[in-house]
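Note: the block below is protein.csv and it holds CSV, C-alpha atoms.
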```
chain,number,residue,atom,x,y,z
A,2,MET,CA,237.0,97.3,203.1
A,3,THR,CA,233.3,97.1,202.3
A,4,PRO,CA,231.5,96.0,199.1
A,5,ALA,CA,230.1,98.6,196.7
A,6,ALA,CA,226.8,100.1,197.9
A,7,SER,CA,223.6,99.4,196.0
A,8,ASN,CA,222.9,102.5,193.9
A,9,SER,CA,219.1,102.5,194.6
A,10,GLU,CA,219.5,101.8,198.3
A,11,TYR,CA,222.3,104.5,198.6
A,12,SER,CA,220.2,107.0,196.7
A,13,ALA,CA,217.2,106.4,198.9
A,14,VAL,CA,219.2,107.6,201.9
A,15,ARG,CA,221.5,110.2,200.4
A,16,ASP,CA,219.1,111.9,198.0
A,17,ASP,CA,215.4,112.7,198.6
A,18,GLY,CA,214.1,109.4,199.9
A,19,ALA,CA,214.3,107.3,203.0
A,20,GLY,CA,216.0,104.0,203.8
A,21,LEU,CA,214.9,101.3,206.2
A,22,ILE,CA,217.8,99.6,208.1
A,23,ASP,CA,217.4,96.5,210.3
A,24,LEU,CA,219.3,97.0,213.6
A,25,SER,CA,217.8,94.1,215.4
A,26,ALA,CA,221.2,92.4,215.9
A,27,ARG,CA,222.1,95.2,218.4
A,28,GLY,CA,221.8,94.6,222.1
A,29,ARG,CA,218.9,96.0,224.1
A,30,MET,CA,218.3,95.8,227.9
A,31,LEU,CA,215.9,97.5,230.3
A,32,VAL,CA,217.3,98.7,233.7
A,33,SER,CA,214.9,99.6,236.4
A,34,GLY,CA,214.6,100.1,240.1
A,35,SER,CA,214.9,103.0,242.6
A,36,GLU,CA,218.7,102.7,242.6
A,37,ALA,CA,219.2,102.4,238.8
A,38,VAL,CA,220.3,106.0,238.4
A,39,MET,CA,222.9,105.7,241.2
A,40,PHE,CA,224.4,102.5,239.9
A,41,LEU,CA,224.4,103.4,236.2
A,42,ASN,CA,225.9,106.9,236.9
A,43,GLY,CA,228.9,105.2,238.5
A,44,LEU,CA,229.4,103.1,235.4
A,45,ILE,CA,229.0,105.4,232.4
A,46,THR,CA,230.7,108.5,231.1
A,47,ASN,CA,227.6,110.7,230.7
A,48,ASP,CA,225.4,112.2,233.5
A,49,MET,CA,222.5,109.9,234.2
A,50,LYS,CA,221.1,112.5,236.7
A,51,SER,CA,220.4,114.9,233.9
A,52,LEU,CA,218.5,112.4,231.8
A,53,ALA,CA,214.7,113.3,232.0
A,54,VAL,CA,211.9,110.9,231.2
A,55,ASN,CA,211.2,110.7,227.5
A,56,SER,CA,214.7,111.7,226.5
A,57,TRP,CA,217.9,109.9,225.6
A,58,MET,CA,221.7,110.4,225.5
A,59,PRO,CA,224.8,108.7,224.2
A,60,ALA,CA,227.2,107.3,226.8
A,61,ALA,CA,230.1,104.9,227.1
A,62,PHE,CA,231.3,102.2,229.5
A,63,ALA,CA,235.0,102.5,230.3
A,64,ASN,CA,237.4,100.5,232.4
A,65,VAL,CA,239.5,102.1,235.1
A,66,GLN,CA,242.2,103.0,232.5
A,67,GLY,CA,239.5,105.1,230.7
A,68,ARG,CA,239.5,102.6,227.8
A,69,LEU,CA,236.3,101.9,225.9
A,70,LEU,CA,234.3,98.8,226.7
A,71,ALA,CA,231.1,99.8,224.9
A,72,ALA,CA,229.3,102.8,223.3
A,73,VAL,CA,225.6,102.9,224.2
A,74,ARG,CA,222.5,105.0,224.0
A,75,ILE,CA,220.3,105.3,227.1
A,76,ILE,CA,216.6,106.1,226.7
A,77,HIS,CA,214.7,107.1,229.8
A,78,ARG,CA,211.2,105.6,229.6
A,79,GLU,CA,208.5,105.5,232.1
A,80,ASP,CA,209.3,101.8,232.9
A,81,GLY,CA,213.1,102.4,233.3
A,82,PHE,CA,216.2,102.9,231.2
A,83,LEU,CA,216.5,101.2,227.8
A,84,ILE,CA,220.1,100.6,227.0
A,85,ASP,CA,221.0,100.1,223.3
A,86,THR,CA,224.4,98.9,222.2
A,87,GLU,CA,226.2,97.3,219.3
A,88,GLU,CA,225.9,93.6,218.7
A,89,SER,CA,229.6,93.1,219.4
A,90,THR,CA,229.3,94.6,222.9
A,91,ARG,CA,225.9,93.1,223.9
A,92,GLU,CA,227.3,90.4,226.2
A,93,ALA,CA,229.9,92.7,227.7
A,94,VAL,CA,227.3,95.4,228.7
A,95,MET,CA,225.0,92.7,230.2
A,96,LYS,CA,227.9,91.4,232.3
A,97,LEU,CA,228.9,94.9,233.4
A,98,ILE,CA,225.5,95.8,234.8
A,99,GLU,CA,224.2,92.4,235.9
A,100,ARG,CA,226.7,92.2,238.8
A,101,TYR,CA,224.8,95.1,240.5
A,102,THR,CA,221.4,93.3,240.5
A,103,LEU,CA,222.1,91.9,244.0
A,104,ALA,CA,223.5,95.1,245.4
A,105,GLY,CA,220.2,97.0,245.8
A,106,ASP,CA,217.0,97.9,244.0
A,107,PHE,CA,218.5,97.4,240.5
A,108,LYS,CA,216.9,95.1,237.9
A,109,VAL,CA,218.0,94.2,234.4
A,110,ALA,CA,216.0,92.5,231.7
A,111,GLU,CA,217.5,91.6,228.4
A,112,LEU,CA,215.2,92.5,225.5
A,113,ALA,CA,217.2,91.6,222.4
A,114,ASP,CA,215.3,88.4,221.8
A,115,GLU,CA,211.8,89.9,222.2
A,116,ALA,CA,212.4,93.3,220.7
A,117,ALA,CA,213.3,94.4,217.3
A,118,GLU,CA,215.1,97.6,216.2
A,119,MET,CA,214.9,99.5,212.9
A,120,SER,CA,216.1,102.8,211.6
A,121,ILE,CA,214.6,105.2,209.1
A,122,GLN,CA,217.3,107.3,207.5
A,123,GLY,CA,217.2,110.0,204.8
A,124,GLN,CA,215.7,113.4,203.9
A,125,ALA,CA,212.2,111.9,203.7
A,126,SER,CA,212.4,110.0,207.0
A,127,ARG,CA,210.2,112.6,208.8
A,128,GLU,CA,207.6,112.3,206.1
A,129,VAL,CA,207.6,108.5,206.2
A,130,VAL,CA,207.4,108.4,210.0
A,131,GLY,CA,204.5,110.9,209.9
A,132,LYS,CA,202.5,108.8,207.5
A,133,VAL,CA,202.9,105.7,209.7
A,134,PHE,CA,202.9,107.1,213.3
A,135,GLY,CA,201.5,110.5,213.1
A,136,ALA,CA,202.6,114.2,213.3
A,137,GLN,CA,203.8,113.9,217.0
A,138,ALA,CA,206.3,111.2,216.0
A,139,ALA,CA,207.4,113.1,212.9
A,140,GLU,CA,208.1,116.3,214.9
A,141,LEU,CA,210.1,114.5,217.7
A,142,GLY,CA,213.0,116.6,218.8
A,143,ARG,CA,216.6,115.5,219.1
A,144,GLN,CA,217.5,113.8,222.4
A,145,LYS,CA,213.8,113.1,222.9
A,146,SER,CA,211.9,109.8,222.9
A,147,LEU,CA,208.3,108.9,222.3
A,148,THR,CA,206.7,105.7,223.6
A,149,PHE,CA,203.3,104.8,222.1
A,150,ASP,CA,201.0,101.9,221.4
A,151,PHE,CA,201.1,100.2,218.0
A,152,GLU,CA,198.5,97.4,217.5
A,153,GLY,CA,198.6,96.6,221.2
A,154,ALA,CA,202.3,96.6,221.6
A,155,ALA,CA,204.5,99.4,223.0
A,156,ALA,CA,206.9,101.1,220.6
A,157,THR,CA,209.7,103.6,221.4
A,158,LEU,CA,210.9,106.1,218.9
A,159,ILE,CA,214.0,108.4,219.0
A,160,ARG,CA,215.3,110.8,216.5
A,161,ALA,CA,218.9,109.7,215.6
A,162,THR,CA,221.3,109.4,212.7
A,163,HIS,CA,223.7,106.7,211.7
A,164,THR,CA,224.4,108.2,208.2
A,165,ALA,CA,224.7,112.0,208.6
A,166,GLU,CA,221.1,112.1,207.3
A,167,ASP,CA,218.0,112.9,209.3
A,168,GLY,CA,216.5,109.8,210.8
A,169,PHE,CA,214.6,107.9,213.5
A,170,ASP,CA,215.3,104.7,215.4
A,171,LEU,CA,212.4,102.5,216.4
A,172,PHE,CA,212.3,99.9,219.2
A,173,VAL,CA,209.3,97.5,218.9
A,174,ASN,CA,208.1,94.1,220.0
A,175,ARG,CA,209.1,91.4,217.4
A,176,ASP,CA,205.5,90.4,217.1
A,177,VAL,CA,204.6,93.6,215.3
A,178,SER,CA,208.0,94.4,213.7
A,179,ALA,CA,207.0,92.8,210.3
A,180,THR,CA,203.8,94.8,210.2
A,181,ILE,CA,205.6,98.0,211.0
A,182,GLY,CA,208.3,97.3,208.5
A,183,ASP,CA,205.6,96.7,205.8
A,184,ALA,CA,203.9,100.0,206.8
A,185,LEU,CA,207.2,102.0,206.5
A,186,THR,CA,208.0,100.4,203.1
A,187,GLN,CA,204.5,101.3,201.8
A,188,ALA,CA,205.0,104.8,203.1
A,189,GLY,CA,208.1,105.1,200.9
A,190,ALA,CA,211.1,103.7,202.8
A,191,GLN,CA,213.4,101.4,200.9
A,192,SER,CA,215.2,98.5,202.6
A,193,VAL,CA,218.9,99.0,202.9
A,194,SER,CA,221.4,96.2,203.0
A,195,LYS,CA,224.2,95.8,205.4
A,196,GLU,CA,226.7,96.5,202.7
A,197,THR,CA,225.1,99.8,201.8
A,198,PHE,CA,224.7,100.7,205.4
A,199,GLU,CA,228.4,100.1,206.0
A,200,THR,CA,229.3,102.6,203.2
A,201,LEU,CA,226.8,105.2,204.6
A,202,ARG,CA,228.2,104.9,208.2
A,203,ILE,CA,231.8,105.3,207.0
A,204,GLU,CA,230.8,108.4,205.0
A,205,ALA,CA,229.2,109.7,208.2
A,206,GLY,CA,232.3,109.0,210.2
A,207,VAL,CA,230.5,106.7,212.6
A,208,PRO,CA,232.9,104.2,214.3
A,209,ARG,CA,232.0,100.6,214.9
A,210,TYR,CA,233.1,98.7,218.0
A,211,GLY,CA,235.5,95.9,217.0
A,212,ILE,CA,236.3,97.6,213.8
A,213,ASP,CA,237.2,101.3,214.5
A,214,MET,CA,237.4,101.2,218.2
A,215,ASP,CA,237.8,98.7,221.0
A,216,GLU,CA,239.3,98.3,224.5
A,217,ALA,CA,242.7,99.5,223.3
A,218,ASN,CA,241.3,103.0,222.8
A,219,VAL,CA,240.8,105.7,225.4
A,220,VAL,CA,237.2,106.9,225.1
A,221,THR,CA,238.1,110.3,223.9
A,222,GLU,CA,240.2,109.0,221.0
A,223,THR,CA,237.1,107.7,219.3
A,224,ASN,CA,235.1,110.9,218.6
A,225,LEU,CA,232.5,110.0,221.2
A,226,ASP,CA,232.8,113.5,222.8
A,227,ASP,CA,229.1,113.9,223.2
A,228,ALA,CA,229.0,110.7,225.3
A,229,VAL,CA,231.2,112.2,228.0
A,230,SER,CA,230.3,114.6,230.8
A,231,PHE,CA,233.2,116.4,232.3
A,232,THR,CA,231.1,117.9,235.1
A,233,LYS,CA,229.5,114.8,236.7
A,234,GLY,CA,230.7,112.9,239.7
A,235,CYS,CA,232.9,109.9,239.9
A,236,TYR,CA,232.6,107.0,237.4
A,237,LEU,CA,234.9,104.2,236.2
A,238,GLY,CA,237.7,105.7,234.1
A,239,GLN,CA,237.0,109.3,235.0
A,240,GLU,CA,240.4,110.1,236.4
A,241,ILE,CA,242.2,109.2,233.1
A,242,ILE,CA,239.6,110.8,230.8
A,243,VAL,CA,239.6,114.1,232.8
A,244,ARG,CA,243.4,114.1,233.0
A,245,ILE,CA,243.7,113.8,229.2
A,246,LYS,CA,241.3,116.7,228.8
A,247,HIS,CA,243.2,118.9,231.1
A,248,ARG,CA,246.5,117.9,229.4
A,249,GLY,CA,245.0,119.3,226.2
A,250,HIS,CA,244.4,116.3,223.9
A,251,VAL,CA,244.8,112.6,223.3
A,252,ALA,CA,247.9,111.2,221.6
A,253,LYS,CA,245.9,110.0,218.6
A,254,LYS,CA,242.4,110.5,217.2
A,255,LEU,CA,240.0,108.8,214.9
A,256,THR,CA,240.3,110.7,211.6
A,257,GLY,CA,238.9,110.8,208.1
A,258,ILE,CA,241.2,110.2,205.2
A,259,VAL,CA,240.4,110.8,201.5
A,260,LEU,CA,242.1,108.5,199.1
A,261,PRO,CA,243.3,109.3,195.5
A,262,ASP,CA,241.1,106.9,193.5
A,263,ALA,CA,238.2,104.5,193.8
A,264,ASN,CA,240.1,101.7,195.5
A,265,PRO,CA,239.6,101.2,199.3
A,266,VAL,CA,242.6,100.1,201.3
A,267,PRO,CA,242.7,97.1,203.7
A,268,ARG,CA,242.0,97.5,207.4
A,269,GLY,CA,245.3,97.7,209.3
A,270,SER,CA,247.2,99.5,206.5
A,271,ARG,CA,250.0,101.6,207.9
A,272,ILE,CA,249.7,105.4,207.7
A,273,SER,CA,252.9,107.5,207.4
A,274,SER,CA,253.7,111.2,207.3
A,275,ILE,CA,255.1,112.6,204.1
A,276,ASP,CA,258.6,112.4,205.6
A,277,GLY,CA,258.2,108.7,206.4
A,278,LYS,CA,257.2,108.6,210.1
A,279,GLU,CA,254.7,106.0,211.0
A,280,ILE,CA,251.7,107.9,212.5
A,281,GLY,CA,248.7,105.5,212.4
A,282,ARG,CA,246.6,102.7,211.0
A,283,ILE,CA,243.5,102.4,208.8
A,284,THR,CA,240.4,100.9,210.5
A,285,SER,CA,237.7,101.1,207.8
A,286,SER,CA,237.6,101.9,204.1
A,287,ALA,CA,235.0,102.1,201.4
A,288,PHE,CA,234.2,103.7,198.0
A,289,SER,CA,232.1,106.8,198.5
A,290,PRO,CA,229.5,107.2,195.7
A,291,ARG,CA,228.9,110.8,196.7
A,292,LEU,CA,232.6,111.8,196.6
A,293,ASN,CA,233.4,109.4,193.7
A,294,ARG,CA,236.5,108.2,195.4
A,295,ALA,CA,237.6,105.9,198.2
A,296,ILE,CA,237.6,107.1,201.8
A,297,ALA,CA,238.9,105.6,205.1
A,298,LEU,CA,238.8,106.0,208.9
A,299,GLY,CA,241.9,105.6,210.9
A,300,TYR,CA,243.8,106.6,214.0
A,301,VAL,CA,246.4,109.3,213.3
A,302,LYS,CA,248.8,111.0,215.7
A,303,TYR,CA,247.4,114.3,217.0
A,304,ASP,CA,250.0,116.5,215.3
A,305,TYR,CA,248.8,115.2,211.9
A,306,ILE,CA,245.0,115.4,212.2
A,307,ALA,CA,244.4,118.9,210.7
A,308,PRO,CA,242.2,118.6,207.5
A,309,GLY,CA,244.3,118.9,204.4
A,310,THR,CA,247.4,117.2,205.9
A,311,ARG,CA,249.0,115.0,203.3
A,312,LEU,CA,249.7,111.3,204.2
A,313,LYS,CA,251.0,108.1,202.8
A,314,ILE,CA,249.1,104.8,203.2
A,315,ALA,CA,251.0,101.5,202.7
A,316,SER,CA,249.6,99.2,200.0
A,317,ALA,CA,250.7,95.7,199.1
A,318,ASP,CA,253.6,96.7,197.0
A,319,ASP,CA,254.0,100.5,197.4
A,320,SER,CA,252.2,103.4,199.0
A,321,ILE,CA,249.4,105.7,198.0
A,322,ASP,CA,248.7,109.3,198.8
A,323,GLY,CA,246.0,110.3,201.2
A,324,GLU,CA,244.7,113.5,202.7
A,325,VAL,CA,243.1,114.1,206.1
A,326,SER,CA,239.5,115.1,205.9
A,327,ALA,CA,237.1,116.6,208.4
A,328,LEU,CA,234.3,114.2,209.5
A,329,PRO,CA,231.7,113.5,208.4
A,330,PHE,CA,232.9,113.0,204.8
A,331,VAL,CA,229.3,113.6,203.7
A,332,LYS,CA,227.4,116.3,205.6
A,333,GLY,CA,223.8,115.3,205.0
A,334,SER,CA,220.4,116.5,206.1
A,335,TRP,CA,221.0,115.8,209.8
A,336,TYR,CA,223.2,118.9,209.8
A,337,GLU,CA,220.5,120.9,208.1
A,338,ALA,CA,217.5,119.6,210.0
A,339,THR,CA,216.3,121.4,213.2
```
Can I see the file as structure tokens?
Amino acid sequence: MTPAASNSEYSAVRDDGAGLIDLSARGRMLVSGSEAVMFLNGLITNDMKSLAVNSWMPAAFANVQGRLLAAVRIIHREDGFLIDTEESTREAVMKLIERYTLAGDFKVAELADEAAEMSIQGQASREVVGKVFGAQAAELGRQKSLTFDFEGAAATLIRATHTAEDGFDLFVNRDVSATIGDALTQAGAQSVSKETFETLRIEAGVPRYGIDMDEANVVTETNLDDAVSFTKGCYLGQEIIVRIKHRGHVAKKLTGIVLPDANPVPRGSRISSIDGKEIGRITSSAFSPRLNRAIALGYVKYDYIAPGTRLKIASADDSIDGEVSALPFVKGSWYEAT
């Protein structure tokens, strides 16, 4: 469960404003060298060979069983490939790629301590970014990146969402991060707490590693479909992932569930079908201000994931009704923006 979201912070993102979210706890590393594409392509689920300079893509690291080790974003800059991952998988990703540094022209530099990361989310995010960084930044296309100079330090911008609202993520040197943060705030962005961000990301149906997904999950159970290429060559876990696709579907899938009242349910709560069969578990839950009721993410057996399917969720003393919902729960400006 997550604490209630701040009304003003929530409204800044969900209504007609912009929220500023600190993502500096995430992991960041720069991979470079003439053999970087070859090595990375054998490790990740997406196709590195298709990633042009000044563009980015989601990807995943899997083990040989096709189970998820980390979800990442890879940004192709002039100086190499910037890999961005969640805080909980920072060390794991470094260990996965560091072992190849002695195998050829493949270099890895960890940037988490020297670089900061922030996100501007909301309908007014383009306006805020334009005021601070100019029209070229504001008009940045999806899957594209822009690296530019800000007060003598390099900054990299991508257009991305964590909330189902339009948005941008910014990677900057820590020396100028406070200055940029102040500029974005003066341009109209409101700081967003971790608690409010947690509500927003659950409403957006965005899973967190260690909470909604981990090494127990096959990559394609986790709704990371855009992180997988089914046409590229061999990579770790490919055989299992492709076999599941050809079979038709996974056994269970991360699913949205709408609850009957304002009370979230504990992580790990058992999900049952109407006729009493155990069919899954809750992973995250929060009160949604936009829907005015509690919502949850959880894994549900494939036969029960159709929106509108009625479920039962175990509580401390009894059970409550639930209903499967399409994700995201809140379809914001990201789905309207071009």
Residue nearest Val251 (chain A) among A:Ile306, A:Val177, A:Val193, A:Ile159 (counting only C-alpha atoms):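 For Val251 (chain A), the nearest of the candidates is A:Ile306.
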Exercise: Val130 (chain A) partners within 8 Å, only C-alpha atoms, chain neighbours under 3 positions left out, as a PyMOL selection string: chain A and resi 121+126-127+133-135+138-139+185
Please, which residues in region 87-151 of chain A fall within 12 Å of region 21-26 of chain A when counting all atoms listed in the file, and what is the closest atom pair and distance in Å to one decimal for each, ordered by chain then residue number, as JSON lines?
```
{"residue": "A:Glu87", "atom": "CA", "partner": "A:Ala26", "partner_atom": "CA", "distance": 7.8}
{"residue": "A:Glu88", "atom": "CA", "partner": "A:Ala26", "partner_atom": "CA", "distance": 5.6}
{"residue": "A:Ser89", "atom": "CA", "partner": "A:Ala26", "partner_atom": "CA", "distance": 9.1}
{"residue": "A:Thr90", "atom": "CA", "partner": "A:Ala26", "partner_atom": "CA", "distance": 10.9}
{"residue": "A:Arg91", "atom": "CA", "partner": "A:Ala26", "partner_atom": "CA", "distance": 9.3}
{"residue": "A:Leu112", "atom": "CA", "partner": "A:Ser25", "partner_atom": "CA", "distance": 10.6}
{"residue": "A:Ala113", "atom": "CA", "partner": "A:Ser25", "partner_atom": "CA", "distance": 7.5}
{"residue": "A:Asp114", "atom": "CA", "partner": "A:Ser25", "partner_atom": "CA", "distance": 8.9}
{"residue": "A:Glu115", "atom": "CA", "partner": "A:Ser25", "partner_atom": "CA", "distance": 10.0}
{"residue": "A:Ala116", "atom": "CA", "partner": "A:Ser25", "partner_atom": "CA", "distance": 7.6}
{"residue": "A:Ala117", "atom": "CA", "partner": "A:Ser25", "partner_atom": "CA", "distance": 4.9}
{"residue": "A:Glu118", "atom": "CA", "partner": "A:Ser25", "partner_atom": "CA", "distance": 4.5}
{"residue": "A:Met119", "atom": "CA", "partner": "A:Asp23", "partner_atom": "CA", "distance": 4.7}
{"residue": "A:Ser120", "atom": "CA", "partner": "A:Ile22", "partner_atom": "CA", "distance": 5.0}
{"residue": "A:Ile121", "atom": "CA", "partner": "A:Leu21", "partner_atom": "CA", "distance": 4.9}
{"residue": "A:Gln122", "atom": "CA", "partner": "A:Leu21", "partner_atom": "CA", "distance": 6.6}
{"residue": "A:Gly123", "atom": "CA", "partner": "A:Leu21", "partner_atom": "CA", "distance": 9.1}
{"residue": "A:Ala125", "atom": "CA", "partner": "A:Leu21", "partner_atom": "CA", "distance": 11.2}
{"residue": "A:Ser126", "atom": "CA", "partner": "A:Leu21", "partner_atom": "CA", "distance": 9.1}
{"residue": "A:Val129", "atom": "CA", "partner": "A:Leu21", "partner_atom": "CA", "distance": 10.3}
{"residue": "A:Val130", "atom": "CA", "partner": "A:Leu21", "partner_atom": "CA", "distance": 11.0}
```
Output C-alpha atoms for every residue in the selection just made, as a PDB file, in the coordinates of the input.
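Generated file (out23.pdb):
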```pdb
ATOM      1  CA  GLU A  87     226.200  97.300 219.300  1.00  0.00           C
ATOM      2  CA  GLU A  88     225.900  93.600 218.700  1.00  0.00           C
ATOM      3  CA  SER A  89     229.600  93.100 219.400  1.00  0.00           C
ATOM      4  CA  THR A  90     229.300  94.600 222.900  1.00  0.00           C
ATOM      5  CA  ARG A  91     225.900  93.100 223.900  1.00  0.00           C
ATOM      6  CA  LEU A 112     215.200  92.500 225.500  1.00  0.00           C
ATOM      7  CA  ALA A 113     217.200  91.600 222.400  1.00  0.00           C
ATOM      8  CA  ASP A 114     215.300  88.400 221.800  1.00  0.00           C
ATOM      9  CA  GLU A 115     211.800  89.900 222.200  1.00  0.00           C
ATOM     10  CA  ALA A 116     212.400  93.300 220.700  1.00  0.00           C
ATOM     11  CA  ALA A 117     213.300  94.400 217.300  1.00  0.00           C
ATOM     12  CA  GLU A 118     215.100  97.600 216.200  1.00  0.00           C
ATOM     13  CA  MET A 119     214.900  99.500 212.900  1.00  0.00           C
ATOM     14  CA  SER A 120     216.100 102.800 211.600  1.00  0.00           C
ATOM     15  CA  ILE A 121     214.600 105.200 209.100  1.00  0.00           C
ATOM     16  CA  GLN A 122     217.300 107.300 207.500  1.00  0.00           C
ATOM     17  CA  GLY A 123     217.200 110.000 204.800  1.00  0.00           C
ATOM     18  CA  ALA A 125     212.200 111.900 203.700  1.00  0.00           C
ATOM     19  CA  SER A 126     212.400 110.000 207.000  1.00  0.00           C
ATOM     20  CA  VAL A 129     207.600 108.500 206.200  1.00  0.00           C
ATOM     21  CA  VAL A 130     207.400 108.400 210.000  1.00  0.00           C
TER      22      VAL A 130
END
```
d(CA of Gly333 (chain A), CA of Glu128 (chain A)) in Å: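 Spanning CA of Gly333 (chain A) to CA of Glu128 (chain A) is a straight-line distance of 16.5 Å.
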Best match for closeness to Val38 (chain A) among A:Asp106, A:Asp167, A:Glu199, A:Glu240, counting only C-alpha atoms: A:Asp106
Exercise: Val109 (chain A) partners within 7 Å, all atoms listed in the file, chain neighbours under 2 positions left out, as a list in words: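 My list of contacting residues is Met30, Leu31, Val32, Ser33, Glu99, Phe107 and Glu111 of chain A.
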A:Glu204, A:Glu196, A:Asp322, A:Asp170 ranked by distance to Asn8 (chain A), top pick (using only C-alpha atoms):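 When distances to Asn8 (chain A) are compared using only C-alpha atoms, the smallest one comes from A:Glu196.
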With only C-alpha atoms as the counted atoms, please give the residues lying no more than 12 Å from Asp227 (chain A), apart from itself and same-chain residues fewer than 2 positions off, as a PDB file with C-alpha atoms, in the coordinates of the input.
```pdb
ATOM      1  CA  THR A  46     230.700 108.500 231.100  1.00  0.00           C
ATOM      2  CA  ASN A  47     227.600 110.700 230.700  1.00  0.00           C
ATOM      3  CA  ASP A  48     225.400 112.200 233.500  1.00  0.00           C
ATOM      4  CA  MET A  58     221.700 110.400 225.500  1.00  0.00           C
ATOM      5  CA  PRO A  59     224.800 108.700 224.200  1.00  0.00           C
ATOM      6  CA  ALA A  60     227.200 107.300 226.800  1.00  0.00           C
ATOM      7  CA  ALA A  61     230.100 104.900 227.100  1.00  0.00           C
ATOM      8  CA  ALA A  72     229.300 102.800 223.300  1.00  0.00           C
ATOM      9  CA  VAL A  73     225.600 102.900 224.200  1.00  0.00           C
ATOM     10  CA  ARG A  74     222.500 105.000 224.000  1.00  0.00           C
ATOM     11  CA  GLN A 144     217.500 113.800 222.400  1.00  0.00           C
ATOM     12  CA  VAL A 220     237.200 106.900 225.100  1.00  0.00           C
ATOM     13  CA  THR A 221     238.100 110.300 223.900  1.00  0.00           C
ATOM     14  CA  THR A 223     237.100 107.700 219.300  1.00  0.00           C
ATOM     15  CA  ASN A 224     235.100 110.900 218.600  1.00  0.00           C
ATOM     16  CA  LEU A 225     232.500 110.000 221.200  1.00  0.00           C
ATOM     17  CA  VAL A 229     231.200 112.200 228.000  1.00  0.00           C
ATOM     18  CA  SER A 230     230.300 114.600 230.800  1.00  0.00           C
ATOM     19  CA  PHE A 231     233.200 116.400 232.300  1.00  0.00           C
TER      20      PHE A 231
END
```
For Leu237 (chain A), the nearest of the candidates A:Ala287, A:Leu69, A:Ala315, A:Val54, counting all atoms listed in the file: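 Of A:Ala287, A:Leu69, A:Ala315, A:Val54, the one nearest Leu237 (chain A), counting all atoms listed in the file, is A:Leu69.
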Output as a compact mmCIF listing (two decimals), in the frame of the given file: region 110-121 of chain A, completed with N, CA and C atoms.
```
# COMPACT_ATOMS: atom_id res chain seq x y z
N ALA A 110 216.68 93.48 232.58
CA ALA A 110 216.00 92.50 231.70
C ALA A 110 216.54 92.65 230.30
N GLU A 111 217.04 91.54 229.74
CA GLU A 111 217.50 91.60 228.40
C GLU A 111 216.37 91.50 227.40
N LEU A 112 216.35 92.40 226.42
CA LEU A 112 215.20 92.50 225.50
C LEU A 112 215.57 92.13 224.06
N ALA A 113 216.80 91.77 223.81
CA ALA A 113 217.20 91.60 222.40
C ALA A 113 216.43 90.50 221.70
N ASP A 114 216.00 89.46 222.42
CA ASP A 114 215.30 88.40 221.80
C ASP A 114 213.81 88.67 221.55
N GLU A 115 213.26 89.57 222.33
CA GLU A 115 211.80 89.90 222.20
C GLU A 115 211.55 91.19 221.54
N ALA A 116 212.56 92.02 221.37
CA ALA A 116 212.40 93.30 220.70
C ALA A 116 213.15 93.42 219.46
N ALA A 117 212.62 94.16 218.51
CA ALA A 117 213.30 94.40 217.30
C ALA A 117 213.69 95.91 217.21
N GLU A 118 214.61 96.24 216.34
CA GLU A 118 215.10 97.60 216.20
C GLU A 118 215.27 97.93 214.73
N MET A 119 214.76 99.07 214.30
CA MET A 119 214.90 99.50 212.90
C MET A 119 215.18 100.97 212.86
N SER A 120 215.81 101.41 211.78
CA SER A 120 216.10 102.80 211.60
C SER A 120 215.61 103.31 210.27
N ILE A 121 215.02 104.50 210.28
CA ILE A 121 214.60 105.20 209.10
C ILE A 121 215.52 106.34 208.84
```
